[in-house]
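Undergrad: Contents are PDB, C-alpha atoms; file name upload.pdb:
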```pdb
ATOM      1  CA  MET A   1    -242.203-224.889 118.240
ATOM      2  CA  THR A   2    -242.806-224.442 114.530
ATOM      3  CA  LYS A   3    -244.689-221.376 113.401
ATOM      4  CA  PRO A   4    -248.146-222.138 111.897
ATOM      5  CA  LEU A   5    -248.511-221.641 108.164
ATOM      6  CA  LYS A   6    -250.750-219.024 106.629
ATOM      7  CA  PRO A   7    -254.028-220.636 105.504
ATOM      8  CA  TRP A   8    -253.660-219.425 101.921
ATOM      9  CA  VAL A   9    -250.087-220.765 101.781
ATOM     10  CA  LEU A  10    -251.212-224.213 102.924
ATOM     11  CA  SER A  11    -254.148-224.217 100.497
ATOM     12  CA  LEU A  12    -251.866-223.330  97.579
ATOM     13  CA  LEU A  13    -249.393-226.029  98.633
ATOM     14  CA  LEU A  14    -252.167-228.654  98.874
ATOM     15  CA  VAL A  15    -253.534-227.722  95.441
ATOM     16  CA  LEU A  16    -250.087-227.930  93.818
ATOM     17  CA  LEU A  17    -249.396-231.296  95.448
ATOM     18  CA  ALA A  18    -252.806-232.539  94.314
ATOM     19  CA  TRP A  19    -252.115-231.562  90.696
ATOM     20  CA  ALA A  20    -248.750-233.328  90.877
ATOM     21  CA  GLY A  21    -250.447-236.416  92.342
ATOM     22  CA  VAL A  22    -253.117-236.477  89.625
ATOM     23  CA  ALA A  23    -250.435-236.158  86.932
ATOM     24  CA  LEU A  24    -248.467-239.018  88.486
ATOM     25  CA  GLY A  25    -251.580-241.158  88.969
ATOM     26  CA  SER A  26    -252.717-240.701  85.381
ATOM     27  CA  ALA A  27    -249.359-242.058  84.212
ATOM     28  CA  MET A  28    -249.106-244.965  86.670
ATOM     29  CA  GLY A  29    -250.174-248.386  85.434
ATOM     30  CA  SER A  30    -249.847-251.955  86.651
ATOM     31  CA  THR A  31    -246.418-252.219  85.050
ATOM     32  CA  GLY A  32    -245.079-248.983  86.531
ATOM     33  CA  TRP A  33    -244.890-245.363  85.451
ATOM     34  CA  GLU A  34    -245.673-244.635  81.814
ATOM     35  CA  PRO A  35    -245.029-240.962  80.912
ATOM     36  CA  TRP A  36    -247.740-239.081  79.033
ATOM     37  CA  TRP A  37    -245.370-238.030  76.262
ATOM     38  CA  GLN A  38    -244.789-241.677  75.403
ATOM     39  CA  ALA A  39    -248.528-242.367  75.340
ATOM     40  CA  LEU A  40    -248.955-239.620  72.718
ATOM     41  CA  HIS A  41    -247.565-242.012  70.122
ATOM     42  CA  ASP A  42    -249.556-245.044  71.310
ATOM     43  CA  PRO A  43    -253.373-244.797  70.916
ATOM     44  CA  VAL A  44    -253.987-247.730  73.277
ATOM     45  CA  SER A  45    -251.848-246.255  76.075
ATOM     46  CA  TRP A  46    -253.474-242.865  75.562
ATOM     47  CA  GLN A  47    -256.973-244.341  75.843
ATOM     48  CA  ILE A  48    -256.040-246.262  79.005
ATOM     49  CA  GLY A  49    -254.625-243.104  80.559
ATOM     50  CA  TRP A  50    -257.584-240.934  79.580
ATOM     51  CA  ASP A  51    -260.456-243.365  80.252
ATOM     52  CA  ILE A  52    -259.147-245.247  83.307
ATOM     53  CA  ARG A  53    -256.217-243.654  85.125
ATOM     54  CA  LEU A  54    -257.116-239.964  84.908
ATOM     55  CA  PRO A  55    -260.743-240.243  86.136
ATOM     56  CA  ARG A  56    -259.594-242.623  88.852
ATOM     57  CA  SER A  57    -256.974-240.167  90.118
ATOM     58  CA  LEU A  58    -259.312-237.168  89.949
ATOM     59  CA  GLY A  59    -262.098-239.193  91.560
ATOM     60  CA  ALA A  60    -259.802-240.354  94.359
ATOM     61  CA  TRP A  61    -258.961-236.725  95.114
ATOM     62  CA  ALA A  62    -262.625-235.653  95.024
ATOM     63  CA  GLY A  63    -263.728-238.590  97.198
ATOM     64  CA  GLY A  64    -261.025-237.861  99.755
ATOM     65  CA  ALA A  65    -261.984-234.174  99.706
ATOM     66  CA  LEU A  66    -265.589-235.123 100.510
ATOM     67  CA  LEU A  67    -264.471-237.313 103.419
ATOM     68  CA  GLY A  68    -262.125-234.606 104.729
ATOM     69  CA  LEU A  69    -264.923-232.036 104.572
ATOM     70  CA  ALA A  70    -267.360-234.410 106.300
ATOM     71  CA  GLY A  71    -264.825-235.042 109.064
ATOM     72  CA  ALA A  72    -264.272-231.319 109.644
ATOM     73  CA  LEU A  73    -268.037-230.738 109.777
ATOM     74  CA  ALA A  74    -268.500-233.575 112.271
ATOM     75  CA  GLN A  75    -265.727-232.317 114.545
ATOM     76  CA  GLY A  76    -266.997-228.741 114.381
ATOM     77  CA  LEU A  77    -270.662-229.653 114.858
ATOM     78  CA  PHE A  78    -270.080-231.972 117.810
ATOM     79  CA  ARG A  79    -267.142-229.959 119.205
ATOM     80  CA  ASN A  80    -265.064-233.080 119.497
ATOM     81  CA  PRO A  81    -261.756-233.751 117.678
ATOM     82  CA  LEU A  82    -262.551-237.491 117.805
ATOM     83  CA  ALA A  83    -265.803-237.088 115.885
ATOM     84  CA  ASP A  84    -265.848-238.683 112.457
ATOM     85  CA  PRO A  85    -268.719-239.262 110.028
ATOM     86  CA  TYR A  86    -268.022-242.996 110.233
ATOM     87  CA  LEU A  87    -268.232-242.968 114.034
ATOM     88  CA  LEU A  88    -271.733-241.490 113.831
ATOM     89  CA  GLY A  89    -273.019-244.376 111.726
ATOM     90  CA  SER A  90    -273.312-242.545 108.415
ATOM     91  CA  ALA A  91    -270.939-244.875 106.564
ATOM     92  CA  SER A  92    -272.767-247.978 107.781
ATOM     93  CA  GLY A  93    -276.069-246.368 106.831
ATOM     94  CA  ALA A  94    -274.732-245.493 103.389
ATOM     95  CA  SER A  95    -273.513-249.069 102.896
ATOM     96  CA  LEU A  96    -276.910-250.430 103.897
ATOM     97  CA  GLY A  97    -278.600-248.038 101.459
ATOM     98  CA  VAL A  98    -276.352-249.272  98.643
ATOM     99  CA  ALA A  99    -277.037-252.912  99.557
ATOM    100  CA  ILE A 100    -280.807-252.312  99.571
ATOM    101  CA  TYR A 101    -280.597-250.520  96.226
ATOM    102  CA  LEU A 102    -278.655-253.399  94.667
ATOM    103  CA  SER A 103    -281.074-255.992  96.060
ATOM    104  CA  LEU A 104    -284.129-254.119  94.734
ATOM    105  CA  PHE A 105    -282.897-252.850  91.384
ATOM    106  CA  GLY A 106    -279.863-254.984  90.604
ATOM    107  CA  GLY A 107    -276.843-253.489  88.917
ATOM    108  CA  SER A 108    -273.298-253.358  90.200
ATOM    109  CA  THR A 109    -271.023-250.969  92.076
ATOM    110  CA  LEU A 110    -268.798-251.156  88.974
ATOM    111  CA  ALA A 111    -271.532-249.835  86.655
ATOM    112  CA  SER A 112    -270.706-246.587  84.862
ATOM    113  CA  GLY A 113    -274.171-245.416  83.788
ATOM    114  CA  TRP A 114    -275.483-242.101  85.063
ATOM    115  CA  TRP A 115    -278.745-243.511  86.416
ATOM    116  CA  VAL A 116    -277.027-246.308  88.303
ATOM    117  CA  ARG A 117    -274.507-243.916  89.833
ATOM    118  CA  LEU A 118    -277.213-241.434  90.813
ATOM    119  CA  GLY A 119    -279.294-244.257  92.265
ATOM    120  CA  LEU A 120    -276.378-245.546  94.347
ATOM    121  CA  THR A 121    -275.597-242.019  95.552
ATOM    122  CA  GLY A 122    -279.231-241.301  96.446
ATOM    123  CA  ALA A 123    -279.583-244.583  98.332
ATOM    124  CA  ALA A 124    -276.303-243.968 100.188
ATOM    125  CA  PHE A 125    -277.359-240.410 101.080
ATOM    126  CA  VAL A 126    -280.728-241.504 102.474
ATOM    127  CA  GLY A 127    -279.073-244.299 104.446
ATOM    128  CA  ALA A 128    -276.429-241.947 105.839
ATOM    129  CA  VAL A 129    -278.989-239.324 106.924
ATOM    130  CA  LEU A 130    -281.223-241.894 108.618
ATOM    131  CA  ALA A 131    -278.252-243.462 110.394
ATOM    132  CA  VAL A 132    -277.028-240.124 111.771
ATOM    133  CA  LEU A 133    -280.550-239.178 112.858
ATOM    134  CA  LEU A 134    -280.896-242.542 114.619
ATOM    135  CA  THR A 135    -277.590-241.894 116.377
ATOM    136  CA  LEU A 136    -278.800-238.455 117.516
ATOM    137  CA  VAL A 137    -282.083-239.920 118.782
ATOM    138  CA  LEU A 138    -280.313-242.630 120.772
ATOM    139  CA  ALA A 139    -277.831-240.092 122.171
ATOM    140  CA  ARG A 140    -280.651-237.625 122.960
ATOM    141  CA  GLY A 141    -278.893-234.825 121.120
ATOM    142  CA  VAL A 142    -275.273-233.757 120.969
ATOM    143  CA  GLN A 143    -274.830-232.490 124.526
ATOM    144  CA  HIS A 144    -273.161-235.642 125.870
ATOM    145  CA  THR A 145    -270.132-236.535 123.783
ATOM    146  CA  LEU A 146    -269.547-239.996 125.280
ATOM    147  CA  ARG A 147    -273.189-240.967 124.791
ATOM    148  CA  LEU A 148    -273.065-239.680 121.214
ATOM    149  CA  LEU A 149    -269.975-241.702 120.314
ATOM    150  CA  LEU A 150    -271.346-244.846 121.973
ATOM    151  CA  ALA A 151    -274.620-244.442 120.106
ATOM    152  CA  GLY A 152    -272.715-244.012 116.845
ATOM    153  CA  VAL A 153    -270.719-247.191 117.463
ATOM    154  CA  ILE A 154    -273.899-249.144 118.261
ATOM    155  CA  VAL A 155    -275.711-247.866 115.167
ATOM    156  CA  GLY A 156    -272.683-248.615 112.987
ATOM    157  CA  VAL A 157    -272.365-252.188 114.276
ATOM    158  CA  VAL A 158    -276.079-252.939 113.952
ATOM    159  CA  LEU A 159    -276.417-251.482 110.455
ATOM    160  CA  GLY A 160    -273.209-253.234 109.394
ATOM    161  CA  ALA A 161    -274.677-256.533 110.596
ATOM    162  CA  VAL A 162    -277.875-255.874 108.643
ATOM    163  CA  THR A 163    -275.823-255.139 105.530
ATOM    164  CA  SER A 164    -273.883-258.390 105.954
ATOM    165  CA  PHE A 165    -277.115-260.360 106.432
ATOM    166  CA  LEU A 166    -278.651-258.805 103.329
ATOM    167  CA  SER A 167    -275.507-259.534 101.319
ATOM    168  CA  LEU A 168    -275.538-263.191 102.394
ATOM    169  CA  TRP A 169    -279.264-263.504 101.763
ATOM    170  CA  ARG A 170    -278.891-262.169  98.225
ATOM    171  CA  PRO A 171    -275.714-263.673  96.664
ATOM    172  CA  GLU A 172    -275.773-261.200  93.763
ATOM    173  CA  VAL A 173    -275.552-258.357  96.274
ATOM    174  CA  TRP A 174    -272.601-260.024  98.012
ATOM    175  CA  GLN A 175    -270.666-260.192  94.767
ATOM    176  CA  GLY A 176    -271.167-256.475  94.208
ATOM    177  CA  MET A 177    -270.371-255.574  97.830
ATOM    178  CA  GLN A 178    -267.116-257.517  98.303
ATOM    179  CA  GLY A 179    -264.800-254.881  96.843
ATOM    180  CA  PHE A 180    -267.110-252.177  98.160
ATOM    181  CA  MET A 181    -266.592-253.238 101.792
ATOM    182  CA  LEU A 182    -262.796-253.066 101.432
ATOM    183  CA  GLY A 183    -262.853-249.666  99.721
ATOM    184  CA  SER A 184    -261.452-249.121  96.260
ATOM    185  CA  THR A 185    -261.001-246.270  93.841
ATOM    186  CA  GLY A 186    -261.038-248.804  91.002
ATOM    187  CA  PHE A 187    -264.820-248.283  90.739
ATOM    188  CA  ILE A 188    -264.365-244.701  89.537
ATOM    189  CA  GLY A 189    -264.842-243.772  85.891
ATOM    190  CA  TRP A 190    -265.677-240.432  84.326
ATOM    191  CA  THR A 191    -269.329-240.626  85.423
ATOM    192  CA  ALA A 192    -268.465-241.240  89.077
ATOM    193  CA  CYS A 193    -265.640-238.686  88.902
ATOM    194  CA  MET A 194    -267.904-235.897  87.641
ATOM    195  CA  LEU A 195    -270.545-236.802  90.221
ATOM    196  CA  LEU A 196    -267.980-236.668  93.046
ATOM    197  CA  CYS A 197    -266.640-233.308  91.863
ATOM    198  CA  ALA A 198    -270.115-231.802  91.461
ATOM    199  CA  VAL A 199    -271.233-232.911  94.929
ATOM    200  CA  TRP A 200    -267.963-231.628  96.401
ATOM    201  CA  VAL A 201    -268.584-228.158  94.971
ATOM    202  CA  VAL A 202    -272.137-228.148  96.376
ATOM    203  CA  CYS A 203    -271.068-229.410  99.799
ATOM    204  CA  VAL A 204    -268.186-226.933 100.101
ATOM    205  CA  ALA A 205    -270.471-224.042  99.135
ATOM    206  CA  LEU A 206    -273.081-225.075 101.720
ATOM    207  CA  ALA A 207    -270.461-225.747 104.394
ATOM    208  CA  LEU A 208    -268.799-222.347 103.940
ATOM    209  CA  THR A 209    -272.145-220.603 104.404
ATOM    210  CA  MET A 210    -272.391-222.372 107.784
ATOM    211  CA  ALA A 211    -268.820-221.614 108.894
ATOM    212  CA  ARG A 212    -269.929-218.761 111.186
ATOM    213  CA  VAL A 213    -272.393-221.110 112.873
ATOM    214  CA  LEU A 214    -269.572-223.525 113.666
ATOM    215  CA  ASP A 215    -267.452-220.623 114.950
ATOM    216  CA  ALA A 216    -270.298-219.640 117.261
ATOM    217  CA  LEU A 217    -270.742-223.219 118.478
ATOM    218  CA  THR A 218    -267.124-223.327 119.638
ATOM    219  CA  LEU A 219    -268.111-220.706 122.241
ATOM    220  CA  GLY A 220    -270.905-222.923 123.584
ATOM    221  CA  GLU A 221    -274.565-223.408 122.803
ATOM    222  CA  ASN A 222    -275.807-220.657 125.113
ATOM    223  CA  THR A 223    -273.433-218.138 123.565
ATOM    224  CA  ALA A 224    -274.460-219.233 120.079
ATOM    225  CA  LEU A 225    -278.127-218.776 120.970
ATOM    226  CA  SER A 226    -277.417-215.324 122.398
ATOM    227  CA  LEU A 227    -275.774-214.420 119.088
ATOM    228  CA  GLY A 228    -278.996-215.285 117.279
ATOM    229  CA  VAL A 229    -277.890-218.599 115.758
ATOM    230  CA  PRO A 230    -280.893-220.849 114.946
ATOM    231  CA  LEU A 231    -279.325-224.024 116.335
ATOM    232  CA  ALA A 232    -281.943-226.606 115.328
ATOM    233  CA  PRO A 233    -282.143-225.680 111.599
ATOM    234  CA  ALA A 234    -278.381-225.119 111.473
ATOM    235  CA  ARG A 235    -277.676-228.559 112.922
ATOM    236  CA  MET A 236    -280.055-230.212 110.488
ATOM    237  CA  LEU A 237    -278.389-228.499 107.535
ATOM    238  CA  LEU A 238    -274.915-229.425 108.781
ATOM    239  CA  VAL A 239    -275.978-233.059 109.302
ATOM    240  CA  GLY A 240    -277.455-233.052 105.795
ATOM    241  CA  VAL A 241    -274.257-231.711 104.208
ATOM    242  CA  MET A 242    -272.119-234.152 106.184
ATOM    243  CA  SER A 243    -274.364-237.062 105.172
ATOM    244  CA  LEU A 244    -274.410-236.019 101.513
ATOM    245  CA  ALA A 245    -270.609-235.805 101.427
ATOM    246  CA  THR A 246    -270.147-239.140 103.205
ATOM    247  CA  GLY A 247    -272.886-240.926 101.279
ATOM    248  CA  THR A 248    -271.568-239.776  97.904
ATOM    249  CA  ALA A 249    -268.019-240.850  98.712
ATOM    250  CA  VAL A 250    -269.127-244.216 100.080
ATOM    251  CA  ALA A 251    -271.421-244.871  97.107
ATOM    252  CA  GLN A 252    -268.611-244.352  94.614
ATOM    253  CA  MET A 253    -265.627-245.835  96.489
ATOM    254  CA  GLY A 254    -266.892-248.040  99.293
ATOM    255  CA  LEU A 255    -265.735-247.867 102.906
ATOM    256  CA  ILE A 256    -262.481-245.915 103.229
ATOM    257  CA  ALA A 257    -261.591-245.204 106.835
ATOM    258  CA  PHE A 258    -259.597-242.566 108.728
ATOM    259  CA  VAL A 259    -259.410-239.943 105.950
ATOM    260  CA  GLY A 260    -262.240-237.922 107.494
ATOM    261  CA  LEU A 261    -260.656-238.179 110.929
ATOM    262  CA  ALA A 262    -257.010-237.565 110.011
ATOM    263  CA  ALA A 263    -257.420-234.662 107.548
ATOM    264  CA  PRO A 264    -258.778-232.078 110.062
ATOM    265  CA  HIS A 265    -256.090-233.146 112.579
ATOM    266  CA  LEU A 266    -253.363-232.517 110.004
ATOM    267  CA  VAL A 267    -254.811-229.098 109.191
ATOM    268  CA  ARG A 268    -255.038-228.056 112.843
ATOM    269  CA  ALA A 269    -251.432-229.141 113.355
ATOM    270  CA  MET A 270    -250.248-226.793 110.587
ATOM    271  CA  VAL A 271    -252.525-223.724 110.737
ATOM    272  CA  ARG A 272    -254.629-221.732 113.164
ATOM    273  CA  ALA A 273    -257.771-220.647 111.384
ATOM    274  CA  THR A 274    -261.511-220.165 111.735
ATOM    275  CA  HIS A 275    -263.909-222.750 110.333
ATOM    276  CA  GLY A 276    -264.143-220.921 107.027
ATOM    277  CA  TRP A 277    -260.552-221.824 106.234
ATOM    278  CA  SER A 278    -260.517-225.029 108.271
ATOM    279  CA  LEU A 279    -263.335-226.627 106.266
ATOM    280  CA  LEU A 280    -261.728-225.835 102.924
ATOM    281  CA  LEU A 281    -258.265-226.924 104.044
ATOM    282  CA  SER A 282    -259.609-230.174 105.522
ATOM    283  CA  ALA A 283    -261.254-230.961 102.196
ATOM    284  CA  LEU A 284    -258.010-230.267 100.298
ATOM    285  CA  ALA A 285    -255.988-232.313 102.792
ATOM    286  CA  GLY A 286    -258.441-235.216 102.602
ATOM    287  CA  GLY A 287    -258.241-235.210  98.823
ATOM    288  CA  LEU A 288    -254.442-235.272  98.884
ATOM    289  CA  LEU A 289    -254.368-238.038 101.521
ATOM    290  CA  LEU A 290    -256.621-240.358  99.544
ATOM    291  CA  LEU A 291    -254.832-239.576  96.283
ATOM    292  CA  LEU A 292    -251.476-240.485  97.838
ATOM    293  CA  ALA A 293    -252.982-243.623  99.348
ATOM    294  CA  ASP A 294    -254.333-244.592  95.926
ATOM    295  CA  LEU A 295    -250.881-244.166  94.379
ATOM    296  CA  LEU A 296    -249.354-246.346  97.098
ATOM    297  CA  ALA A 297    -252.089-248.962  96.719
ATOM    298  CA  ARG A 298    -251.314-249.226  93.010
ATOM    299  CA  GLY A 299    -247.550-249.270  93.365
ATOM    300  CA  LEU A 300    -246.680-251.220  96.512
ATOM    301  CA  ILE A 301    -247.404-254.727  95.222
ATOM    302  CA  ALA A 302    -247.625-254.032  91.465
ATOM    303  CA  PRO A 303    -248.792-255.573  89.189
ATOM    304  CA  GLN A 304    -251.364-256.532  91.837
ATOM    305  CA  GLU A 305    -253.312-253.848  93.669
ATOM    306  CA  MET A 306    -253.970-253.365  97.364
ATOM    307  CA  PRO A 307    -257.473-252.177  98.419
ATOM    308  CA  VAL A 308    -257.029-248.518  99.251
ATOM    309  CA  GLY A 309    -259.394-248.807 102.227
ATOM    310  CA  VAL A 310    -257.022-251.284 103.872
ATOM    311  CA  LEU A 311    -254.072-248.948 103.305
ATOM    312  CA  THR A 312    -255.828-245.869 104.717
ATOM    313  CA  ALA A 313    -256.878-247.855 107.788
ATOM    314  CA  VAL A 314    -253.282-248.929 108.465
ATOM    315  CA  LEU A 315    -251.707-245.523 107.764
ATOM    316  CA  GLY A 316    -254.471-243.506 109.427
ATOM    317  CA  GLY A 317    -254.509-245.705 112.494
ATOM    318  CA  GLY A 318    -250.731-245.494 112.758
ATOM    319  CA  TYR A 319    -250.781-241.697 112.486
ATOM    320  CA  LEU A 320    -253.444-241.316 115.163
ATOM    321  CA  LEU A 321    -251.583-243.689 117.501
ATOM    322  CA  TRP A 322    -248.465-241.561 116.999
ATOM    323  CA  ARG A 323    -250.415-238.377 117.732
ATOM    324  CA  MET A 324    -251.931-239.967 120.823
ATOM    325  CA  SER A 325    -248.497-240.995 122.120
ATOM    326  CA  ARG A 326    -247.219-237.434 121.527
ATOM    327  CA  MET A 327    -250.162-235.988 123.454
ATOM    328  CA  THR A 328    -249.688-238.513 126.288
ATOM    329  CA  SER A 329    -245.988-237.654 126.644
ATOM    330  CA  THR A 330    -246.837-233.924 126.618
ATOM    331  CA  TRP A 331    -249.377-234.387 129.402
ATOM    332  CA  ALA A 332    -246.882-236.494 131.389
ATOM    333  CA  ARG A 333    -244.237-233.732 131.202
ATOM    334  CA  ALA A 334    -246.813-231.132 132.252
TER     335      ALA A 334
END
```
Take the structure I supplied and represent it as structure tokens, if you would.
TA:
Amino acid sequence: MTKPLKPWVLSLLLVLLAWAGVALGSAMGSTGWEPWWQALHDPVSWQIGWDIRLPRSLGAWAGGALLGLAGALAQGLFRNPLADPYLLGSASGASLGVAIYLSLFGGSTLASGWWVRLGLTGAAFVGAVLAVLLTLVLARGVQHTLRLLLAGVIVGVVLGAVTSFLSLWRPEVWQGMQGFMLGSTGFIGWTACMLLCAVWVVCVALALTMARVLDALTLGENTALSLGVPLAPARMLLVGVMSLATGTAVAQMGLIAFVGLAAPHLVRAMVRATHGWSLLLSALAGGLLLLLADLLARGLIAPQEMPVGVLTAVLGGGYLLWRMSRMTSTWARA
């Protein structure tokens, strides 16, 4: 059995790999890899690298980091390794919020203006919060895991159907939502990139302040209450942070699956740490996963581009099936 890594070693490794991925992504175009030192002598290539490729690569990392953080918060809050912000309906709620915003105010998911990006993020955040709250109401709290997951699936399907109906009813919304539903980092410019990074810093700061609450919840609700943890306000804050992270990522990139579920699993497979480290490492792992998926999406069928949401669904689903088969064989031997 391999020895777990030190948390600080894994965090340093993830940061170094992320920097290498951003450098590679900023030099990767539709025709292949174009080194930065060659672009120094070509103003057009330099502008393409600076205005398109670099913010896209940084934004892909930040969006994946938000999804990884949201997944770690969901699994810690609901004490279930299968919990995922998408399974609780927040992604479907965020998508519905974006669709309503586009139908009321117009615009496009490709727009780069600050006000449009803030409007999309705000609408996605409100939709995500309301969806998670609806899931909690239907599940009558978080005590029954099966009921919670079933409620999340129901809310996600219903809100997804409403989004599809609204998109068909308003053709201009459908045009803006097509790429959004598949998930793409091609929407990200400098405005979206800075917004993703800023929200990530806020969400990580808030999540780390609640790490001790999550540690207490692992011991059970009664133990947490005996330790003086205010469960109701703490849960509301954690749901708010999770919804803000998910809503921001969905508003800027669309629906990208499995990153929030796979990142915490990868971290737990490599380190043994409290939630303080686990949350940060899950965010770093999620950022690296989505950045690598973005590089593959750009390079696999170049000069065409594969939607990154499709690629993460295939790779993430394959990884989880592999993990499930490993766990099943371990139980069979026991």
Undergrad: Distance atom CA of Val241 of chain A-atom CA of Tyr86 of chain A, one decimal place?
TA: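 Separating atom CA of Val241 of chain A from atom CA of Tyr86 of chain A is a distance of 14.2 Å.
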Undergrad: Could you check the closest approach to Val129 of chain A for each of A:Thr248, A:Thr218, A:Thr163, A:Gln75 and tell me which residue wins, using only C-alpha atoms?
TA: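 For Val129 of chain A, the nearest of the given residues is A:Thr248.
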Undergrad: Please compute the atom CA of Thr135 of chain A-atom CA of Leu237 of chain A distance, one decimal, in Å.
TA: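 Atom CA of Leu237 of chain A lies 16.1 Å from atom CA of Thr135 of chain A.
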Undergrad: Have a look at A:Leu217, A:Val308, A:Ala251, A:Ala285 and name the one nearest to Val116 of chain A; count all atoms listed in the file.
TA: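 Of the candidates, the smallest distance to Val116 of chain A is held by A:Ala251.
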Undergrad: If we draw a sphere of 9 Å around (-276.0, -220.6, 109.9), which residues have at least one atom in it when counting all atoms listed in the file? Please report them as a PyMOL selection string.
TA: chain A and resi 209-214+229-231+233-235+237-238
Undergrad: Could you check which of A:Met306, A:Thr223, A:Ile256, A:Ala151 is closest to Leu138 of chain A, using only C-alpha atoms?
TA: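 Answer, going by the shortest atom-to-atom distance: A:Ala151.
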Undergrad: Using the chain letters and numbering of this document, enumerate as a list of chain:residue names the residues selected by the PyMOL selection byres ((chain A and resi 283) around 6).
TA: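 So the PyMOL selection byres ((chain A and resi 283) around 6), applied here, picks out A:Ala65, A:Gly68, A:Leu69, A:Leu280, A:Leu281, A:Ser282, A:Leu284, A:Ala285, A:Gly286.
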Undergrad: Go ahead and save the residues from that selection, with C-alpha atoms, as an mmCIF file, in the coordinates of the input.
TA:
```cif
data_model
loop_
_atom_site.group_PDB
_atom_site.id
_atom_site.type_symbol
_atom_site.label_atom_id
_atom_site.label_comp_id
_atom_site.auth_asym_id
_atom_site.auth_seq_id
_atom_site.Cartn_x
_atom_site.Cartn_y
_atom_site.Cartn_z
ATOM 1 C CA ALA A 65 -261.984 -234.174 99.706
ATOM 2 C CA GLY A 68 -262.125 -234.606 104.729
ATOM 3 C CA LEU A 69 -264.923 -232.036 104.572
ATOM 4 C CA LEU A 280 -261.728 -225.835 102.924
ATOM 5 C CA LEU A 281 -258.265 -226.924 104.044
ATOM 6 C CA SER A 282 -259.609 -230.174 105.522
ATOM 7 C CA LEU A 284 -258.010 -230.267 100.298
ATOM 8 C CA ALA A 285 -255.988 -232.313 102.792
ATOM 9 C CA GLY A 286 -258.441 -235.216 102.602
#
```
Undergrad: In terms of the shortest atom-to-atom distance over all atoms listed in the file, which of A:Leu102, A:Val155, A:Leu320, A:Ala23 is closest to Pro264 of chain A?
TA: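 Closest to Pro264 of chain A, using all atoms listed in the file: A:Leu320.
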Undergrad: For atom CA of Leu14 of chain A and atom CA of Arg268 of chain A, quote the distance in Å rounded to one decimal.
TA: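 So the two atoms, atom CA of Leu14 of chain A and atom CA of Arg268 of chain A, lie 14.3 Å apart.
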Undergrad: Starting from the displayed file, determine the output of the PyMOL selection byres ((chain A and resi 192) around 10) and express the residue list as a list in words.
TA: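 That expression, the PyMOL selection byres ((chain A and resi 192) around 10), corresponds here to Pro55, Arg56, Gly59, Gly63, Leu110, Ala111, Ser112, Gly113, Trp114, Val116, Arg117, Leu118, Thr121, Phe187, Ile188, Gly189, Trp190, Thr191, Cys193, Met194, Leu195, Leu196, Cys197, Ala198, Thr248, Ala249, Ala251, Gln252 and Met253 of chain A.
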Undergrad: What does the PyMOL selection byres ((chain A and resi 291-293) around 12) select in this file, as number ranges by chain?
TA: A: 14-15, 17-26, 53-65, 183-185, 256-259, 284-290, 294-300, 305-316
Undergrad: Kindly provide, as lines of an AutoDock Vina configuration file, the centre and edge lengths (Å, one decimal) of an axis-aligned box around all atoms of segment 118-135 of chain A given in the file, with 5 Å on each side.
TA:
```
center_x = -278.4
center_y = -242.4
center_z = 103.6
size_x = 15.6
size_y = 16.4
size_z = 35.6
```
Undergrad: I need the residue nearest Leu261 of chain A from this list: A:Leu5, A:Leu73, A:Leu12, A:Leu130. Use only C-alpha atoms for the distance.
TA: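 For Leu261 of chain A, the nearest of the given residues is A:Leu73.
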Undergrad: Quick one: everything within 9 Å of Val98 of chain A, counting only C-alpha atoms, minus sequence neighbours fewer than 5 positions away in the same chain. Send it as a list in words.
TA: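 Here the qualifying residues turn out to be Gly93, Ser103, Thr109, Gly119, Leu120, Thr121, Gly122, Ala123, Ala124, Gly127, Met177, Val250 and Ala251 of chain A.
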Undergrad: Quick one: residues within 9 Å of Val199 of chain A, only C-alpha atoms, excluding same-chain residues fewer than 6 positions away - as a list in words?
TA: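 Within the cut-off, the hits are Leu66, Leu244, Ala245 and Thr248 of chain A.
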Undergrad: Of the residues A:Gly89, A:Gly97, A:Gly76, A:Pro171, which is the one nearest to Leu136 of chain A, using all atoms listed in the file?
TA: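 Closest residue, counting all atoms listed in the file: A:Gly89.
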Undergrad: From (-272.8, -237.8, 113.5), in the file's coordinates, out to 10 Å: which residues are reached, counting only C-alpha atoms? Answer as a PyMOL selection string.
TA: chain A and resi 70-71+73-75+77-78+83-90+128-129+131-136+142+148-149+151-152+238-239+242-243
